[in-house]
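Listing of work_34.cif; format and content: mmCIF, C-alpha atoms.
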data_protein
loop_
_atom_site.label_atom_id
_atom_site.label_comp_id
_atom_site.auth_asym_id
_atom_site.auth_seq_id
_atom_site.Cartn_x
_atom_site.Cartn_y
_atom_site.Cartn_z
CA MET A 293 14.17 -16.69 6.03
CA THR A 294 13.11 -13.18 6.95
CA LYS A 295 9.53 -11.97 6.43
CA LEU A 296 10.59 -10.06 3.31
CA GLU A 297 12.23 -13.17 1.89
CA LYS A 298 9.10 -15.23 2.56
CA ILE A 299 6.90 -12.63 0.85
CA ASP A 300 9.23 -12.74 -2.16
CA ALA A 301 9.17 -16.54 -2.09
CA ALA A 302 5.35 -16.54 -2.18
CA LEU A 303 5.43 -14.20 -5.20
CA LYS A 304 8.07 -16.32 -6.92
CA GLU A 305 6.19 -19.58 -6.31
CA PHE A 306 2.97 -18.14 -7.74
CA TYR A 307 4.58 -16.87 -10.94
CA GLU A 308 6.66 -20.02 -11.46
CA GLN A 309 3.54 -22.24 -11.63
CA SER A 310 3.48 -21.93 -15.39
CA GLN A 311 4.32 -19.43 -18.11
CA VAL A 312 2.43 -18.45 -21.25
CA SER A 313 4.16 -15.19 -22.25
CA PRO A 314 7.83 -14.86 -21.20
CA ARG A 315 7.80 -11.12 -21.97
CA LEU A 316 4.77 -10.50 -19.77
CA MET A 317 6.38 -12.49 -16.97
CA GLU A 318 9.62 -10.54 -17.35
CA ALA A 319 7.74 -7.23 -17.08
CA ILE A 320 5.75 -8.38 -14.04
CA LEU A 321 8.84 -9.60 -12.19
CA TYR A 322 10.79 -6.46 -13.16
CA SER A 323 8.42 -4.38 -11.05
CA VAL A 324 7.69 -6.99 -8.38
CA HIS A 325 11.41 -7.29 -7.64
CA ALA A 326 12.17 -3.57 -7.90
CA GLY A 327 13.15 -3.36 -4.23
CA GLY A 328 10.11 -1.86 -2.53
CA LYS A 329 9.81 -1.68 1.25
CA ARG A 330 6.83 -4.12 1.28
CA ILE A 331 5.25 -1.96 3.98
CA ARG A 332 1.67 -3.10 3.32
CA PRO A 333 2.37 -6.83 3.61
CA LEU A 334 4.59 -6.21 6.63
CA LEU A 335 1.80 -4.27 8.35
CA LEU A 336 -0.46 -7.29 7.80
CA LEU A 337 2.05 -9.81 9.12
CA GLU A 338 3.13 -7.76 12.16
CA THR A 339 -0.49 -7.10 13.11
CA LEU A 340 -1.21 -10.82 12.87
CA GLU A 341 1.71 -11.59 15.15
CA GLY A 342 0.43 -8.93 17.54
CA PHE A 343 -2.67 -11.11 17.99
CA GLY A 344 -0.40 -14.03 18.87
CA ILE A 345 -0.93 -15.82 15.56
CA GLU A 346 1.91 -17.98 14.29
CA LEU A 347 2.55 -17.07 10.66
CA THR A 348 1.92 -19.74 8.03
CA LYS A 349 2.46 -20.02 4.27
CA ALA A 350 -1.13 -18.89 3.69
CA HIS A 351 -0.49 -15.65 5.56
CA TYR A 352 2.51 -14.91 3.36
CA GLN A 353 0.43 -15.67 0.28
CA VAL A 354 -2.19 -13.10 1.36
CA ALA A 355 0.63 -10.61 2.03
CA ALA A 356 2.03 -11.30 -1.45
CA ALA A 357 -1.42 -10.77 -3.00
CA LEU A 358 -1.59 -7.34 -1.39
CA GLU A 359 1.86 -6.45 -2.73
CA MET A 360 0.74 -7.48 -6.24
CA ILE A 361 -2.09 -4.93 -6.17
CA HIS A 362 0.23 -2.19 -4.92
CA THR A 363 2.88 -2.96 -7.54
CA GLY A 364 0.30 -3.00 -10.34
CA SER A 365 -0.93 0.41 -9.21
CA LEU A 366 2.61 1.81 -9.39
CA ILE A 367 3.09 0.52 -12.94
CA HIS A 368 -0.13 2.22 -14.04
CA ASP A 369 0.55 5.39 -12.01
CA ASP A 370 3.79 5.94 -13.90
CA LEU A 371 2.22 5.70 -17.38
CA PRO A 372 2.22 8.82 -19.61
CA ALA A 373 -1.56 9.12 -19.32
CA MET A 374 -1.28 9.14 -15.52
CA ASP A 375 1.68 10.65 -13.59
CA ASP A 376 4.07 10.23 -16.53
CA ASP A 377 7.24 9.32 -14.64
CA ASP A 378 10.45 7.82 -16.01
CA TYR A 379 11.78 6.45 -12.71
CA ARG A 380 10.42 4.36 -9.85
CA ARG A 381 12.46 3.08 -6.92
CA GLY A 382 15.60 4.49 -8.52
CA ARG A 383 15.35 2.75 -11.88
CA LEU A 384 13.39 3.02 -15.12
CA THR A 385 9.62 2.65 -14.82
CA ASN A 386 8.02 -0.38 -16.43
CA HIS A 387 6.85 1.39 -19.59
CA LYS A 388 10.32 2.87 -20.09
CA GLN A 389 12.06 -0.47 -19.56
CA PHE A 390 9.61 -2.29 -21.86
CA ASP A 391 6.84 -0.30 -23.61
CA GLU A 392 3.44 1.16 -22.73
CA ALA A 393 1.37 -1.81 -23.91
CA THR A 394 3.51 -4.28 -21.96
CA ALA A 395 3.35 -2.10 -18.84
CA ILE A 396 -0.45 -1.87 -19.07
CA LEU A 397 -0.76 -5.65 -19.38
CA ALA A 398 1.72 -6.26 -16.54
CA GLY A 399 -0.37 -3.97 -14.35
CA ASP A 400 -3.55 -5.75 -15.44
CA SER A 401 -2.04 -9.09 -14.43
CA LEU A 402 -1.00 -7.76 -11.04
CA PHE A 403 -4.55 -6.51 -10.44
CA LEU A 404 -6.16 -9.84 -11.38
CA ASP A 405 -3.71 -12.47 -10.13
CA PRO A 406 -4.03 -11.74 -6.37
CA TYR A 407 -7.54 -13.17 -6.19
CA GLY A 408 -6.35 -16.43 -7.72
CA LEU A 409 -3.48 -16.55 -5.24
CA ILE A 410 -5.77 -16.08 -2.23
CA ALA A 411 -8.13 -18.73 -3.63
CA GLN A 412 -5.19 -21.18 -3.76
CA THR A 413 -4.38 -20.84 -0.06
CA ASP A 414 -5.37 -23.45 2.49
CA LEU A 415 -7.40 -20.89 4.45
CA HIS A 416 -10.99 -21.72 5.39
CA PRO A 417 -13.16 -20.82 2.36
CA SER A 418 -15.19 -18.27 4.35
CA ILE A 419 -12.02 -16.41 5.38
CA ALA A 420 -10.57 -16.55 1.87
CA LEU A 421 -13.85 -15.21 0.45
CA ALA A 422 -13.94 -12.37 3.00
CA LEU A 423 -10.34 -11.42 2.13
CA ILE A 424 -11.06 -11.47 -1.61
CA ALA A 425 -14.15 -9.28 -1.12
CA ASP A 426 -12.27 -6.79 1.09
CA LEU A 427 -9.26 -6.61 -1.23
CA SER A 428 -11.57 -5.90 -4.16
CA GLN A 429 -13.40 -3.20 -2.17
CA ALA A 430 -10.10 -1.56 -1.18
CA SER A 431 -8.62 -1.70 -4.68
CA GLY A 432 -11.31 -1.06 -7.26
CA SER A 433 -14.24 1.23 -7.99
CA PHE A 434 -14.92 1.88 -4.30
CA GLY A 435 -11.30 2.29 -3.20
CA MET A 436 -7.92 2.98 -4.77
CA VAL A 437 -9.00 3.25 -8.41
CA ALA A 438 -11.84 5.64 -7.52
CA GLY A 439 -9.35 7.75 -5.57
CA GLN A 440 -7.03 7.86 -8.58
CA MET A 441 -9.92 9.09 -10.75
CA LEU A 442 -10.77 11.81 -8.23
CA ASP A 443 -7.09 12.76 -8.11
CA ILE A 444 -6.97 13.23 -11.89
CA GLU A 445 -10.21 15.24 -11.86
CA GLY A 446 -8.77 17.46 -9.11
CA GLU A 447 -5.71 18.57 -11.09
CA GLU A 448 -5.55 22.35 -11.61
CA GLN A 449 -8.66 22.71 -9.43
CA THR A 450 -9.08 24.59 -6.16
CA LEU A 451 -10.02 21.88 -3.68
CA THR A 452 -11.05 22.02 -0.05
CA LEU A 453 -9.27 20.03 2.65
CA ASP A 454 -12.28 17.68 2.85
CA GLN A 455 -12.04 17.01 -0.89
CA VAL A 456 -8.31 16.29 -0.62
CA TYR A 457 -9.00 13.92 2.28
CA THR A 458 -11.66 12.10 0.23
CA ILE A 459 -9.21 11.68 -2.66
CA HIS A 460 -6.39 10.40 -0.50
CA SER A 461 -8.49 8.25 1.83
CA HIS A 462 -9.47 6.28 -1.27
CA LYS A 463 -6.34 6.55 -3.41
CA THR A 464 -3.94 5.67 -0.58
CA GLY A 465 -5.94 4.97 2.56
CA LYS A 466 -8.13 2.06 1.48
CA LEU A 467 -5.24 -0.17 0.45
CA LEU A 468 -3.39 0.74 3.65
CA ALA A 469 -6.47 -0.08 5.73
CA PHE A 470 -6.72 -3.54 4.14
CA PRO A 471 -3.69 -5.15 5.86
CA PHE A 472 -5.01 -4.27 9.31
CA LYS A 473 -8.54 -5.51 8.66
CA ALA A 474 -7.18 -8.58 6.84
CA ALA A 475 -5.09 -9.41 9.90
CA GLY A 476 -8.24 -9.17 12.01
CA LEU A 477 -10.12 -11.50 9.65
CA LEU A 478 -7.26 -14.00 9.68
CA ALA A 479 -7.09 -13.82 13.49
CA GLN A 480 -10.90 -14.31 13.59
CA GLN A 481 -11.57 -11.15 15.57
CA ASP A 482 -15.09 -9.82 16.14
CA SER A 483 -16.71 -6.93 14.27
CA ALA A 484 -15.84 -4.35 16.95
CA ILE A 485 -12.13 -5.15 16.65
CA LEU A 486 -12.34 -5.20 12.84
CA ALA A 487 -13.82 -1.69 12.96
CA GLN A 488 -10.96 -0.48 15.17
CA LEU A 489 -8.41 -2.03 12.83
CA GLU A 490 -10.04 -0.36 9.84
CA GLU A 491 -9.86 2.97 11.67
CA VAL A 492 -6.16 2.38 12.30
CA GLY A 493 -5.68 1.71 8.60
CA LEU A 494 -7.35 4.95 7.53
CA LEU A 495 -5.23 6.90 10.03
CA VAL A 496 -2.07 5.26 8.72
CA GLY A 497 -3.28 5.93 5.17
CA THR A 498 -3.63 9.64 5.98
CA ALA A 499 -0.19 9.68 7.57
CA PHE A 500 1.32 7.89 4.60
CA GLN A 501 -0.21 10.34 2.09
CA VAL A 502 0.78 13.44 4.08
CA ARG A 503 4.29 12.01 4.38
CA ASP A 504 4.40 11.45 0.62
CA ASP A 505 3.17 15.00 -0.02
CA ILE A 506 5.84 16.44 2.28
CA LEU A 507 8.61 14.40 0.69
CA ASP A 508 7.47 15.44 -2.79
CA VAL A 509 8.46 19.02 -1.99
CA THR A 510 11.37 18.45 0.41
CA ALA A 511 13.28 15.35 -0.79
CA SER A 512 15.69 14.80 -3.68
CA PHE A 513 15.52 12.23 -6.49
CA GLU A 514 18.18 10.18 -4.67
CA GLU A 515 16.06 10.09 -1.51
CA LEU A 516 12.77 9.35 -3.29
CA GLY A 517 13.95 7.08 -6.11
CA LYS A 518 11.52 8.96 -8.37
CA THR A 519 11.08 12.46 -9.76
CA PRO A 520 10.38 15.01 -6.98
CA GLN A 521 7.84 17.86 -7.12
CA LYS A 522 5.58 15.97 -9.53
CA ASP A 523 2.48 17.14 -7.62
CA VAL A 524 3.61 20.75 -7.84
CA ALA A 525 4.13 20.43 -11.60
CA ALA A 526 0.68 18.85 -12.05
CA GLN A 527 -0.88 21.57 -9.85
CA LYS A 528 -2.40 18.99 -7.55
CA ALA A 529 -3.95 20.03 -4.26
CA THR A 530 -1.84 18.47 -1.49
CA TYR A 531 -1.65 18.87 2.26
CA PRO A 532 1.42 21.18 2.05
CA SER A 533 -0.14 23.29 -0.70
CA LEU A 534 -3.32 23.80 1.37
CA LEU A 535 -1.93 23.91 4.90
CA GLY A 536 1.80 24.53 4.62
CA LEU A 537 4.58 22.24 5.74
CA GLU A 538 4.38 22.89 9.47
CA GLN A 539 0.72 21.91 9.76
CA SER A 540 1.31 18.96 7.42
CA TYR A 541 3.95 17.62 9.81
CA SER A 542 1.41 18.00 12.65
CA ILE A 543 -1.26 16.02 10.78
CA LEU A 544 1.27 13.28 9.98
CA ASN A 545 2.33 12.89 13.60
CA ASP A 546 -1.19 13.27 15.01
CA SER A 547 -2.49 10.50 12.71
CA LEU A 548 0.30 8.18 13.84
CA ASP A 549 -0.35 9.06 17.51
CA LYS A 550 -4.06 8.19 17.14
CA ALA A 551 -3.23 4.89 15.40
CA GLY A 552 -0.79 4.04 18.18
CA ALA A 553 -3.43 4.82 20.82
CA ILE A 554 -5.82 2.29 19.25
CA PHE A 555 -3.13 -0.39 19.37
CA HIS A 556 -2.43 0.42 23.03
CA LYS A 557 -6.16 0.03 23.73
CA LEU A 558 -6.09 -3.36 22.00
CA GLU A 559 -3.12 -4.24 24.21
CA VAL A 560 -5.30 -3.71 27.29
CA ASP A 561 -8.58 -5.07 25.93
CA ARG A 562 -7.38 -8.04 23.82
CA ASP A 563 -3.86 -8.81 25.06
CA PHE A 564 -2.51 -7.51 21.73
CA ASN A 565 1.28 -7.09 21.52
CA PRO A 566 1.83 -3.78 19.68
CA GLU A 567 5.64 -3.64 19.85
CA LYS A 568 6.51 -4.63 16.26
CA ILE A 569 3.68 -2.78 14.54
CA LEU A 570 4.45 0.41 16.48
CA LYS A 571 8.06 0.24 15.32
CA ILE A 572 6.89 0.29 11.69
CA LEU A 573 4.58 3.23 12.38
CA GLU A 574 7.37 5.17 14.09
CA ARG A 575 9.49 4.84 10.94
CA LEU A 576 6.83 6.80 9.06
CA ARG A 577 7.44 9.93 11.14
CA LEU A 578 9.21 12.93 9.63
CA HIS A 579 10.76 15.80 11.53
CA ALA A 580 10.83 19.32 10.14
#

Write-out of the structure in structure tokens:
Amino acid sequence: MTKLEKIDAALKEFYEQSQVSPRLMEAILYSVHAGGKRIRPLLLLETLEGFGIELTKAHYQVAAALEMIHTGSLIHDDLPAMDDDDYRRGRLTNHKQFDEATAILAGDSLFLDPYGLIAQTDLHPSIALALIADLSQASGSFGMVAGQMLDIEGEEQTLTLDQVYTIHSHKTGKLLAFPFKAAGLLAQQDSAILAQLEEVGLLVGTAFQVRDDILDVTASFEELGKTPQKDVAAQKATYPSLLGLEQSYSILNDSLDKAGAIFHKLEVDRDFNPEKILKILERLRLHA
């Protein structure tokens, strides 16, 4: 099986353990199997392999747990009280396919279940605990959710570039930093390497957000799989709105260059093989 198939198998195995509410399970799986790129779990797995670690079932379970959090955030992002979108990944959003209450509960499940999944792995308890703590930090009141709150508060406001960076480094960056640091924890790297991996993650998070901002104003519904120009309609401060498209492209590529440089340093210092992870990062580039 491919990595994507093994991630899907880990998700499937977790949700087939038992079933209490068939409708809740249907709503969860509707979004879990909506055809996302699985970029966060792939970043984790490719970074692990870069350290020469042979992938095991437990690694795929951690990758699946990360995808659960991301999917839950998309369900909630699309709700009328949030970004109010009817489409995600080219098909109806969860609350349009089911209803708002079901979508909220499906998102709740996807925020809570990952910790149970990581706890079920055969990882050493200290590593599992560290992963659970880091995933919580990246996802909740000190990470993604805090960034979403700042994003809502910033609508129709005149924000500085530093304020926009703070919003996006939490809303997008923290959960993109997690797979790199998680890979370091799983590979039992020291604190200096973990710090470098976290730095890579924040750079990739910036690149990912700038890329998303650019595509919001340049891509079509068919290319995005969701409604374009949502940020413009909500009067959100974005990198293109503050800096223009040309400078936004520069920030995107500069962030990816800096992330790549850290991996090349790891190649020299720790015999890290950056080939596969750099291929993923290169796919994030956009050209004006």

Would you list the contacts of A:Phe306 as a PyMOL selection string, taking every protein, DNA or RNA residue within 12 Å and counting all atoms listed in the file, but skipping same-chain residues closer than 2 positions in sequence? chain A and resi 299-304+308-311+317+320-321+352-354+356-357+360+402+405-413

Written file, previous selection with C-alpha atoms, as an mmCIF file, in the frame of the given file:
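Below you can see part-v6.cif, which holds the result:
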data_model
loop_
_atom_site.group_PDB
_atom_site.id
_atom_site.type_symbol
_atom_site.label_atom_id
_atom_site.label_comp_id
_atom_site.auth_asym_id
_atom_site.auth_seq_id
_atom_site.Cartn_x
_atom_site.Cartn_y
_atom_site.Cartn_z
ATOM 1 C CA ILE A 299 6.900 -12.630 0.850
ATOM 2 C CA ASP A 300 9.230 -12.740 -2.160
ATOM 3 C CA ALA A 301 9.170 -16.540 -2.090
ATOM 4 C CA ALA A 302 5.350 -16.540 -2.180
ATOM 5 C CA LEU A 303 5.430 -14.200 -5.200
ATOM 6 C CA LYS A 304 8.070 -16.320 -6.920
ATOM 7 C CA GLU A 308 6.660 -20.020 -11.460
ATOM 8 C CA GLN A 309 3.540 -22.240 -11.630
ATOM 9 C CA SER A 310 3.480 -21.930 -15.390
ATOM 10 C CA GLN A 311 4.320 -19.430 -18.110
ATOM 11 C CA MET A 317 6.380 -12.490 -16.970
ATOM 12 C CA ILE A 320 5.750 -8.380 -14.040
ATOM 13 C CA LEU A 321 8.840 -9.600 -12.190
ATOM 14 C CA TYR A 352 2.510 -14.910 3.360
ATOM 15 C CA GLN A 353 0.430 -15.670 0.280
ATOM 16 C CA VAL A 354 -2.190 -13.100 1.360
ATOM 17 C CA ALA A 356 2.030 -11.300 -1.450
ATOM 18 C CA ALA A 357 -1.420 -10.770 -3.000
ATOM 19 C CA MET A 360 0.740 -7.480 -6.240
ATOM 20 C CA LEU A 402 -1.000 -7.760 -11.040
ATOM 21 C CA ASP A 405 -3.710 -12.470 -10.130
ATOM 22 C CA PRO A 406 -4.030 -11.740 -6.370
ATOM 23 C CA TYR A 407 -7.540 -13.170 -6.190
ATOM 24 C CA GLY A 408 -6.350 -16.430 -7.720
ATOM 25 C CA LEU A 409 -3.480 -16.550 -5.240
ATOM 26 C CA ILE A 410 -5.770 -16.080 -2.230
ATOM 27 C CA ALA A 411 -8.130 -18.730 -3.630
ATOM 28 C CA GLN A 412 -5.190 -21.180 -3.760
ATOM 29 C CA THR A 413 -4.380 -20.840 -0.060
#

For a test of reading the model, state the distance in Å between atom CA of A:Leu486 and atom CA of A:Val560, rounded to one decimal. 16.1 Å

Using the chain letters and numbers from this file, what does the PyMOL selection byres ((chain A and resi 384) around 12) select? Give the answer as a PyMOL selection string. chain A and resi 319+322-323+326+367+370-371+376-383+385-391+395+517-519

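Among the candidates A:Ser418, A:Asn545, A:Ser533, A:Ser401, the one nearest to A:Leu478 when counting all atoms listed in the file is A:Ser418.
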
One-decimal distance in Å that lies between atom CA of A:Leu573 and atom CA of A:Phe343: 17.0 Å

Fix up stretch 484-508 of chain A with N, CA and C atoms, then write it as a PDB file, keeping the file's coordinate frame.
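Output contents, as saved in selection_24.pdb:
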ATOM      1  N   ALA A 484     -16.293  -5.562  16.251  1.00  0.00           N
ATOM      2  CA  ALA A 484     -15.840  -4.350  16.950  1.00  0.00           C
ATOM      3  C   ALA A 484     -14.339  -4.155  16.756  1.00  0.00           C
ATOM      4  N   ILE A 485     -13.581  -5.226  16.839  1.00  0.00           N
ATOM      5  CA  ILE A 485     -12.130  -5.150  16.650  1.00  0.00           C
ATOM      6  C   ILE A 485     -11.807  -4.856  15.184  1.00  0.00           C
ATOM      7  N   LEU A 486     -12.558  -5.466  14.270  1.00  0.00           N
ATOM      8  CA  LEU A 486     -12.340  -5.200  12.840  1.00  0.00           C
ATOM      9  C   LEU A 486     -12.561  -3.714  12.534  1.00  0.00           C
ATOM     10  N   ALA A 487     -13.553  -3.114  13.171  1.00  0.00           N
ATOM     11  CA  ALA A 487     -13.820  -1.690  12.960  1.00  0.00           C
ATOM     12  C   ALA A 487     -12.659  -0.838  13.478  1.00  0.00           C
ATOM     13  N   GLN A 488     -12.109  -1.210  14.624  1.00  0.00           N
ATOM     14  CA  GLN A 488     -10.960  -0.480  15.170  1.00  0.00           C
ATOM     15  C   GLN A 488      -9.743  -0.616  14.257  1.00  0.00           C
ATOM     16  N   LEU A 489      -9.551  -1.806  13.726  1.00  0.00           N
ATOM     17  CA  LEU A 489      -8.410  -2.030  12.830  1.00  0.00           C
ATOM     18  C   LEU A 489      -8.562  -1.244  11.533  1.00  0.00           C
ATOM     19  N   GLU A 490      -9.796  -1.147  11.044  1.00  0.00           N
ATOM     20  CA  GLU A 490     -10.040  -0.360   9.840  1.00  0.00           C
ATOM     21  C   GLU A 490      -9.764   1.120  10.098  1.00  0.00           C
ATOM     22  N   GLU A 491     -10.139   1.578  11.287  1.00  0.00           N
ATOM     23  CA  GLU A 491      -9.860   2.970  11.670  1.00  0.00           C
ATOM     24  C   GLU A 491      -8.361   3.228  11.721  1.00  0.00           C
ATOM     25  N   VAL A 492      -7.619   2.279  12.297  1.00  0.00           N
ATOM     26  CA  VAL A 492      -6.160   2.380  12.300  1.00  0.00           C
ATOM     27  C   VAL A 492      -5.636   2.528  10.876  1.00  0.00           C
ATOM     28  N   GLY A 493      -6.152   1.691   9.981  1.00  0.00           N
ATOM     29  CA  GLY A 493      -5.680   1.710   8.600  1.00  0.00           C
ATOM     30  C   GLY A 493      -5.907   3.047   7.928  1.00  0.00           C
ATOM     31  N   LEU A 494      -7.074   3.655   8.157  1.00  0.00           N
ATOM     32  CA  LEU A 494      -7.350   4.950   7.530  1.00  0.00           C
ATOM     33  C   LEU A 494      -6.449   6.038   8.125  1.00  0.00           C
ATOM     34  N   LEU A 495      -6.167   5.952   9.413  1.00  0.00           N
ATOM     35  CA  LEU A 495      -5.230   6.900  10.030  1.00  0.00           C
ATOM     36  C   LEU A 495      -3.829   6.748   9.449  1.00  0.00           C
ATOM     37  N   VAL A 496      -3.395   5.511   9.303  1.00  0.00           N
ATOM     38  CA  VAL A 496      -2.070   5.260   8.720  1.00  0.00           C
ATOM     39  C   VAL A 496      -2.067   5.693   7.259  1.00  0.00           C
ATOM     40  N   GLY A 497      -3.184   5.481   6.558  1.00  0.00           N
ATOM     41  CA  GLY A 497      -3.280   5.930   5.170  1.00  0.00           C
ATOM     42  C   GLY A 497      -3.137   7.436   5.058  1.00  0.00           C
ATOM     43  N   THR A 498      -3.782   8.180   5.966  1.00  0.00           N
ATOM     44  CA  THR A 498      -3.630   9.640   5.980  1.00  0.00           C
ATOM     45  C   THR A 498      -2.181  10.019   6.250  1.00  0.00           C
ATOM     46  N   ALA A 499      -1.592   9.383   7.244  1.00  0.00           N
ATOM     47  CA  ALA A 499      -0.190   9.680   7.570  1.00  0.00           C
ATOM     48  C   ALA A 499       0.718   9.407   6.386  1.00  0.00           C
ATOM     49  N   PHE A 500       0.475   8.292   5.724  1.00  0.00           N
ATOM     50  CA  PHE A 500       1.320   7.890   4.600  1.00  0.00           C
ATOM     51  C   PHE A 500       1.211   8.906   3.457  1.00  0.00           C
ATOM     52  N   GLN A 501      -0.018   9.382   3.185  1.00  0.00           N
ATOM     53  CA  GLN A 501      -0.210  10.340   2.090  1.00  0.00           C
ATOM     54  C   GLN A 501       0.398  11.697   2.429  1.00  0.00           C
ATOM     55  N   VAL A 502       0.193  12.157   3.666  1.00  0.00           N
ATOM     56  CA  VAL A 502       0.780  13.440   4.080  1.00  0.00           C
ATOM     57  C   VAL A 502       2.304  13.358   4.002  1.00  0.00           C
ATOM     58  N   ARG A 503       2.837  12.229   4.450  1.00  0.00           N
ATOM     59  CA  ARG A 503       4.290  12.010   4.380  1.00  0.00           C
ATOM     60  C   ARG A 503       4.774  12.093   2.930  1.00  0.00           C
ATOM     61  N   ASP A 504       4.037  11.441   2.034  1.00  0.00           N
ATOM     62  CA  ASP A 504       4.400  11.450   0.620  1.00  0.00           C
ATOM     63  C   ASP A 504       4.342  12.866   0.051  1.00  0.00           C
ATOM     64  N   ASP A 505       3.311  13.616   0.441  1.00  0.00           N
ATOM     65  CA  ASP A 505       3.170  15.000  -0.020  1.00  0.00           C
ATOM     66  C   ASP A 505       4.333  15.867   0.463  1.00  0.00           C
ATOM     67  N   ILE A 506       4.726  15.658   1.718  1.00  0.00           N
ATOM     68  CA  ILE A 506       5.840  16.440   2.280  1.00  0.00           C
ATOM     69  C   ILE A 506       7.138  16.113   1.543  1.00  0.00           C
ATOM     70  N   LEU A 507       7.368  14.816   1.348  1.00  0.00           N
ATOM     71  CA  LEU A 507       8.610  14.400   0.690  1.00  0.00           C
ATOM     72  C   LEU A 507       8.661  14.876  -0.765  1.00  0.00           C
ATOM     73  N   ASP A 508       7.501  14.981  -1.401  1.00  0.00           N
ATOM     74  CA  ASP A 508       7.470  15.440  -2.790  1.00  0.00           C
ATOM     75  C   ASP A 508       8.065  16.828  -2.945  1.00  0.00           C
TER      76      ASP A 508
END
